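Trainee: Sharing a structure here in structure tokens format.
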Amino acid sequence: MSDRKVTVEFNDKVVRQFLLACVIWGAVGMLVGVLIALQLNFWQLNFNTSWLTWSRIRPLHTNAVIFALVGNMMFAGVYYSTQRLVRARLASDVLSQIHFWGWQAIIVSAALTLPFGYTRGQEYAELIWPINVAVVLIWVVFAVNFFWTLARRREPSLYVAIWFYIATIITVAMLYIVNHLAIPTSWTHSYSVFGGVQNALVEWWYGHNAVAFFLTTPILGIMYYFLPKAAERPVYSYRLSVVHFWSLVFVYIWAGPHHLLNTALPNWLQNLGMTFSLMLWAPSWGGMLNGLLTLRGAWDKLRTDPVLKFFAAAVTFYGMATFEGPLLAIKSVNALAHYTDWIIAHVHAGALGWNGFMAAGMIYWLVPRLWNKPLHSVGLANLHFWLGLVGILLYVAAMWTSGITQGLMLNATTEHGTVLAYPNFLDTVNTIRPMMLMRSFGGALYLGGWLLMAYNIARTLRGARAVNGTIEVLEDEPALEKTTAGSTVALFFSPPVLFSVVGVGFACAWMFGGQYIGFAGLIGAMACAVLAFASFERHRGRWGDWYDRLLVRALPFTVLTLLAVIAGGLIQIIPTIVVNQAANVEDRRQIPYTPLELAGRDIYVRDGCYLCHSQMIRTLVPDVLRYGDYSRLGESIYDHPFQWGSKRNGPDLARVGGKYPNIWHLRHMEDPRSISPGSNMPNFPWLLDNTLDLSTLPRKIAVMRELGVPYPKWTDAEILAMAGAQAKAITKDLHATGGWISSDREVIALIAYLQQLGHYESVHHTGPVPTLAD
Amino acid sequence: MFNRLIYQDFTAVFTISAFSVAASIFVAVTWRALRMGRPQIQRMENLPFVTPTPPASHGPDTDTKPGS
């Protein structure tokens, strides 16, 4: 082999592109965040326009922060660190550019569709199906580019940061595809294949793990690379990083049901979600301590170095947020905190403190190196840090106070728990107004800090010349995959994997099998455990060797990580899909919507009503006293998508049907304060102006039939005639009570939908599902 | 076969089994991590430093003037 050296130039162009995109989109996302925060105090700030209304642009805020700010930051960090950790240039410049421009096109598409009501109606999964397809395609491009680069690497071992990147890529792909499975009704609309409780479980399996594997694992990988670089010392404990990674990957995926505690979700899933959430304390704090202790001996640098300031604060916020998360996942704590601003405080401690500060630290570290020019002003960077920190603290403190106040007031009872202490929901809304204002101020401070960074970078880049990093490598240095080809199969057919697979098989037989198969499964599982232990004792070296070889083989490592994350999802989702169907429902079952009600429901989803109003009365006394009998699993079984909600800026609507006359709803949509003085709900005047479009209704009902909703085989004409007749009946009632409006307005369909909520049929035995024709 | 999941207390086994599996993996990984040799650890933890770090041109104590 020749010992002549050649220079490899890294592809840092794409890193610079993603980095700048992160700064720009981050500012946009936070600006929208400040606007919607202010709208909760000043309802007039939608200016009576649909596309500036809170419920339309709140998804824009969340998607921008998650997929645009953190997404672009993640790609910049992953591409920069991976090239250096594996000592190889990114595999394809073309794929890198497709990745960058494709991702930006997705963000622009989201910004152009969400405010105009094109949504799937599921949190963090709002984007319409053509954009979903684009996301998957671009993610595949990212994966190919990444794994291709790993295949061409010159460093045999995979550093722990690479492990986190691998887990991110495969898990996000799995979560995103499963949760976005849908049947289109048009180019801009689709219905999720999952309905009711199934949809709730899958959505929060995705939603929780979007936090885990989009906002956490890649950033932990970035932490494990950039924090040692900035502190100029190795990670505190590589051993701890190994334990941290595997335990996090195994545990995180199970915790999704903690978003649905005290709801109609089966209790075993709630217990599972709570248990695993509590277990998350250990790996999360392992990671935090590893990060903070890496700064040992370098704490003095924090005084002057903004990069380390941001990193240290970010890791601290990671520790705080990951302590708070499991705490909130305890059922009794959740009874107080769920649906309140406490959750908003929690997610912003993570998003602003952990993600935002890690992004800022990484950006300040990278910019001088990627443009080979000193930062314009370190002083401004330090000012950014303090503005951001004060901003977060104001925000989080305000939302903690607000959330706990909400929880206490809404749950407060008198007369020995038989009467609500604050029966009017608006009592709570008006009590927390000062806190909501303080939140807006805190968010504005954070945004101000971010804009300072944008200015600082713009000034730094003026006249600067972009430079790409280089390394020298041996000309004939072989890529690792070639040198160890052929050992992949052996890694799979080794004792640790075989015992695990057989053991899981026996365990499944034990749990799901009948009397005899179950018993055989129990015996088999126990025998498997004993034999595995014996094999381990006898061949300790071989077991250890297997693990060491795994760490230098990207493909088997990836497959085993995928299996780890799949297991948690499958055990929760498969039983729910198989068991919790309409045919098995007992007690109560939802009555399918009439055509007009379905059209109204789509308007409800389009305008994001679910973002303020839940449709899930929990199994808690205050909820039942306030909203009526607790929600049964079967009462939303035909809802595609489910509308249980996650936040109550307004009251629950699960049983609002028939509670008020039609005219009440009409006036409420037109001007909420004419009905509820002091309300902060915006006006929805366009609902009274827009003509109801029923052209796609037959197709929508056909798709609902495909999804299992028991609609008869109506003709298109029958569907439209039924919708027209119901609209006329509602309009007639409105006219009789002084509401002069045409029957072809959107608000008529919405009223039809709202008046149906809470209606169900009693089911005393399992049997064939009745249809509307019955 | 899945009916027992919603009609019986048997469902508790899921939580217990899942906890046991995760705990055993945690123990196994911890054991493995503790068994890693010092040379191996030193090699792994220094991987970020194998590739030289370009100078930042702004050290902790080198505040730069605007436009510099």
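Residues in the structure tokens are named by chain (A, B, ... in the order shown) and by number from 1 within that chain; ligands are numbered from 1 in the order shown.
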Check every residue of chain A for an atom within 8 Å of chain B, counting only C-alpha atoms, and provide those that qualify as number ranges by chain.

Mentor: A: 84-85, 87, 157, 159, 225, 228-229, 234-235, 238-240, 242-243, 246-247, 250-251, 266, 268, 271-272, 275-276, 301, 304-306, 365-366, 368-369, 372-379, 459-460, 469, 471, 511-514, 544, 575, 578-579

Trainee: Which residues, written as a PyMOL selection string, have at least one atom at most 8 Å from segment 601-618 of chain A, with only C-alpha atoms counted and residues fewer than 2 positions away on the same chain left out?

Mentor: chain A and resi 55-56+117-121+262-264+597-599+620+623-624+627-631+643-655+746+749-750+753

Trainee: Find the distance between atom CA of Thr470 of chain A and atom CA of Thr7 of chain A and write it in Å to one decimal.

Mentor: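 Computing the Euclidean distance for atom CA of Thr470 of chain A and atom CA of Thr7 of chain A yields 6.5 Å.
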
Trainee: Could you work out how far atom CA of Thr171 of chain A lies from atom CA of Arg549 of chain A, giving the answer in Å with one decimal?

Mentor: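 We find that atom CA of Arg549 of chain A and atom CA of Thr171 of chain A lie 22.6 Å from each other.
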
Trainee: Please report the interatomic distance between atom CA of Val141 of chain A and atom CA of Leu95 of chain A in Å with one decimal.

Mentor: 6.3 Å

Trainee: For Leu550 of chain A, work out the shell of residues within 12 Å, counting only C-alpha atoms and skipping chain neighbours fewer than 4 positions away, then give it as a list in words.

Mentor: Pro156, Ser157, Leu158, Trp163, Thr484, Ser487, Thr488, Val489, Ala490, Leu491, Phe492, Ser494, Pro496, Val497, Trp543, Gly544, Asp545, Trp546, Ala554, Leu555, Pro556, Phe557, Thr558, Val559, Leu560 and Thr561 of chain A

Trainee: Counting only C-alpha atoms, figure out which residue out of A:Lys13, A:His99, A:Arg465, A:Arg705 gets nearest to Val135 of chain A.

Mentor: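 For Val135 of chain A, the nearest of the candidates is A:His99.
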
Trainee: Can you pull out every residue within 6 Å of segment 50-54 of chain A, counting only C-alpha atoms, but drop anything in the same chain fewer than 2 positions away, and send it as a PyMOL selection string?

Mentor: chain A and resi 36+46+56-58+115-116

Trainee: Which residue, A:Ser186, A:Asn145, A:Asn468, A:Asn411, has the smallest gap to Leu697 of chain A when you use only C-alpha atoms?

Mentor: A:Ser186
